[in-house]
Amino acid sequence: MLRNLLNKFATRVKGSDYQLDPKLPLLSLVGLASRRLTWLIRGRLAFPLRRSAIYLGDGSVLRNRAQMSFEPGVTIGRGCVVDALSANGLRIGRNVNIGPYTTIQASGVLSRLGTGCSIGANSGIGGYSFIGCGGGVAIGSNVIMGQYVSFHSENHVIDRTDVPIRVQGVVRKGIVIEDDCWVGAKATFLDGCHVGKGCVVAAGAVVRGNIPPYSIIGGVPAKVIRSRLAVDSSA
């Protein structure tokens, strides 16, 4: 009975058929249901006037909530720090999962507000990740990421040597990750990079520049290893 109720509830939230593994023990299901209910109540308390509730993990901090927009089914894991203070705020699509202890920082300094961040439906950010949105970060739909992924969407100006770097300002180009990408753990995205649809980013890669759609990339700096569209010459 509990399994069926959870399956129906998950299907309704996700907007598509969802079935829990039948091998899950009953006690695990009870724990899961209890935890999700607690997180849902916490999300309701955080946004009491909003129609779309979120699942908010224990210990998470949400700042500048008026600039946050959520679709149904969003989960923010335990210990996250999310600050939406920026020109465009934070927009998160349906069924997005933000892993535990992740930081989303929409503005690095108050002297110049950041651009903000958008995350498309059904995407997942691995735990312990960092998204710096000063220059703007746009993550598409169905993007999956490992742990410790970081985004740095601005660069310090270093033209002068007679004044400290920290007071020379920054330049911002923004970062774009298109739909249906798979990002390995500890990948780093630098300001100005644009990753095309369907790419695979190897763990530990440092990504800059424009990456063609359906590429597999890796290395420091990341380079195209091969295309997912390549035809097998032996066929």
# chains A, B, ... in the order shown; residues from 1 in each chain; ligands from 1
>>> residues_around(residues="Asn122 of chain A", least_positions_apart="6", cutoff="8 Å", atoms="only C-alpha atoms", output="ChimeraX atom specification")
/A:93-97,141-143
>>> residues_around(residues="Gly184 of chain A", least_positions_apart="6", cutoff="6 Å", atoms="only C-alpha atoms", output="count of residues only")
5
>>> closest_residue(among="A:Ser28, A:Ser123, A:Gln19, A:Thr102", to="Gly57 of chain A", atoms="only C-alpha atoms")
A:Thr102
>>> select_by_dssp(residues="segment 53-218 of chain A", states="helix (DSSP H, G or I)", output="count of residues only")
6
>>> residues_around(residues="segment 215-232 of chain A", least_positions_apart="2", cutoff="9 Å", atoms="only C-alpha atoms", output="PDB file with N, CA and C atoms, in the first residue's frame")
ATOM      1  N   VAL A 195      28.649  25.139 -23.665  1.00  0.00           N
ATOM      2  CA  VAL A 195      28.683  23.705 -23.930  1.00  0.00           C
ATOM      3  C   VAL A 195      27.417  23.324 -24.680  1.00  0.00           C
ATOM      4  N   GLY A 196      27.581  22.763 -25.864  1.00  0.00           N
ATOM      5  CA  GLY A 196      26.448  22.432 -26.712  1.00  0.00           C
ATOM      6  C   GLY A 196      25.623  21.265 -26.194  1.00  0.00           C
ATOM      7  N   LYS A 197      24.495  21.054 -26.817  1.00  0.00           N
ATOM      8  CA  LYS A 197      23.561  20.013 -26.426  1.00  0.00           C
ATOM      9  C   LYS A 197      24.194  18.622 -26.512  1.00  0.00           C
ATOM     10  N   GLY A 198      23.869  17.786 -25.517  1.00  0.00           N
ATOM     11  CA  GLY A 198      24.242  16.381 -25.571  1.00  0.00           C
ATOM     12  C   GLY A 198      25.697  16.077 -25.324  1.00  0.00           C
ATOM     13  N   CYS A 199      26.439  16.997 -24.720  1.00  0.00           N
ATOM     14  CA  CYS A 199      27.865  16.770 -24.476  1.00  0.00           C
ATOM     15  C   CYS A 199      28.092  15.920 -23.225  1.00  0.00           C
ATOM     16  N   VAL A 200      29.254  15.268 -23.199  1.00  0.00           N
ATOM     17  CA  VAL A 200      29.723  14.539 -22.030  1.00  0.00           C
ATOM     18  C   VAL A 200      31.026  15.187 -21.588  1.00  0.00           C
ATOM     19  N   VAL A 201      31.074  15.635 -20.328  1.00  0.00           N
ATOM     20  CA  VAL A 201      32.248  16.318 -19.786  1.00  0.00           C
ATOM     21  C   VAL A 201      32.914  15.389 -18.776  1.00  0.00           C
ATOM     22  N   ALA A 202      34.156  15.014 -19.036  1.00  0.00           N
ATOM     23  CA  ALA A 202      34.856  14.062 -18.175  1.00  0.00           C
ATOM     24  C   ALA A 202      35.128  14.653 -16.800  1.00  0.00           C
ATOM     25  N   ALA A 203      35.249  13.787 -15.814  1.00  0.00           N
ATOM     26  CA  ALA A 203      35.551  14.218 -14.450  1.00  0.00           C
ATOM     27  C   ALA A 203      36.859  14.994 -14.428  1.00  0.00           C
ATOM     28  N   GLY A 204      36.865  16.100 -13.688  1.00  0.00           N
ATOM     29  CA  GLY A 204      38.071  16.894 -13.518  1.00  0.00           C
ATOM     30  C   GLY A 204      38.394  17.821 -14.668  1.00  0.00           C
ATOM     31  N   ALA A 205      37.569  17.874 -15.702  1.00  0.00           N
ATOM     32  CA  ALA A 205      37.836  18.736 -16.856  1.00  0.00           C
ATOM     33  C   ALA A 205      37.701  20.207 -16.476  1.00  0.00           C
ATOM     34  N   VAL A 206      38.514  21.049 -17.109  1.00  0.00           N
ATOM     35  CA  VAL A 206      38.401  22.500 -16.976  1.00  0.00           C
ATOM     36  C   VAL A 206      37.930  23.036 -18.326  1.00  0.00           C
ATOM     37  N   VAL A 207      36.693  23.525 -18.352  1.00  0.00           N
ATOM     38  CA  VAL A 207      36.023  23.828 -19.620  1.00  0.00           C
ATOM     39  C   VAL A 207      36.045  25.326 -19.889  1.00  0.00           C
ATOM     40  N   ARG A 208      36.452  25.670 -21.122  1.00  0.00           N
ATOM     41  CA  ARG A 208      36.426  27.057 -21.563  1.00  0.00           C
ATOM     42  C   ARG A 208      36.099  27.087 -23.057  1.00  0.00           C
ATOM     43  N   ILE A 211      32.025  24.570 -27.019  1.00  0.00           N
ATOM     44  CA  ILE A 211      32.104  23.127 -27.217  1.00  0.00           C
ATOM     45  C   ILE A 211      30.972  22.706 -28.142  1.00  0.00           C
ATOM     46  N   PRO A 212      31.284  22.063 -29.268  1.00  0.00           N
ATOM     47  CA  PRO A 212      30.232  21.672 -30.215  1.00  0.00           C
ATOM     48  C   PRO A 212      29.254  20.671 -29.588  1.00  0.00           C
ATOM     49  N   PRO A 213      28.021  20.669 -30.047  1.00  0.00           N
ATOM     50  CA  PRO A 213      27.040  19.712 -29.535  1.00  0.00           C
ATOM     51  C   PRO A 213      27.510  18.272 -29.696  1.00  0.00           C
ATOM     52  N   SER A 234      34.118   0.764 -38.792  1.00  0.00           N
ATOM     53  CA  SER A 234      34.175  -0.682 -39.012  1.00  0.00           C
ATOM     54  C   SER A 234      32.841  -1.258 -39.444  1.00  0.00           C
ATOM     55  N   ALA A 235      31.782  -0.438 -39.373  1.00  0.00           N
ATOM     56  CA  ALA A 235      30.443  -0.914 -39.708  1.00  0.00           C
ATOM     57  C   ALA A 235      30.317  -1.131 -41.212  1.00  0.00           C
TER      58      ALA A 235
END
>>> residues_around(residues="Arg36 of chain A", least_positions_apart="5", cutoff="9 Å", atoms="only C-alpha atoms", output="PDB file with C-alpha atoms, in the first residue's frame")
ATOM      1  CA  GLY A  31      12.042   6.451   6.216  1.00  0.00           C
ATOM      2  CA  ILE A  41       6.675  20.919   5.187  1.00  0.00           C
ATOM      3  CA  TYR A  55      11.472  19.951  -0.770  1.00  0.00           C
ATOM      4  CA  LEU A  56      13.901  21.768   1.488  1.00  0.00           C
ATOM      5  CA  GLY A  57      16.578  19.766   3.279  1.00  0.00           C
TER       6      GLY A  57
END
>>> residues_around(residues="Leu113 of chain A", least_positions_apart="5", cutoff="9 Å", atoms="only C-alpha atoms", output="PyMOL selection string")
chain A and resi 85-87+106-108+134
>>> write_last_selection(atoms="C-alpha atoms", output="PDB file, in the first residue's frame")
ATOM      1  CA  LEU A  85      20.286  38.361  -5.053  1.00  0.00           C
ATOM      2  CA  SER A  86      20.915  39.393  -8.681  1.00  0.00           C
ATOM      3  CA  ALA A  87      19.461  41.233 -11.666  1.00  0.00           C
ATOM      4  CA  ALA A 106      24.040  34.872  -7.656  1.00  0.00           C
ATOM      5  CA  SER A 107      26.187  37.909  -6.809  1.00  0.00           C
ATOM      6  CA  GLY A 108      29.777  37.887  -5.648  1.00  0.00           C
ATOM      7  CA  GLY A 134      27.912  36.868 -11.372  1.00  0.00           C
TER       8      GLY A 134
END
>>> closest_residue(among="A:Gly77, A:Gly209, A:Pro25, A:Gly132", to="Pro100 of chain A", atoms="only C-alpha atoms")
A:Gly77
>>> residues_around(residues="Gly89 of chain A", least_positions_apart="3", cutoff="12 Å", atoms="only C-alpha atoms", output="number ranges by chain")
A: 63-70, 82-86, 92, 104-107, 113-119, 133-134, 136-138
>>> residues_around(residues="Phe130 of chain A", least_positions_apart="6", cutoff="10 Å", atoms="only C-alpha atoms", output="list in words")
Val81, Tyr101, Thr102, Thr103, Ile104, Gln105, Gln147, Tyr148, Val149, Ser150, Phe151, His152 and Thr188 of chain A
>>> closest_residue(among="A:Arg91, A:Lys173, A:Arg42, A:Arg50", to="Ile139 of chain A", atoms="only C-alpha atoms")
A:Arg91
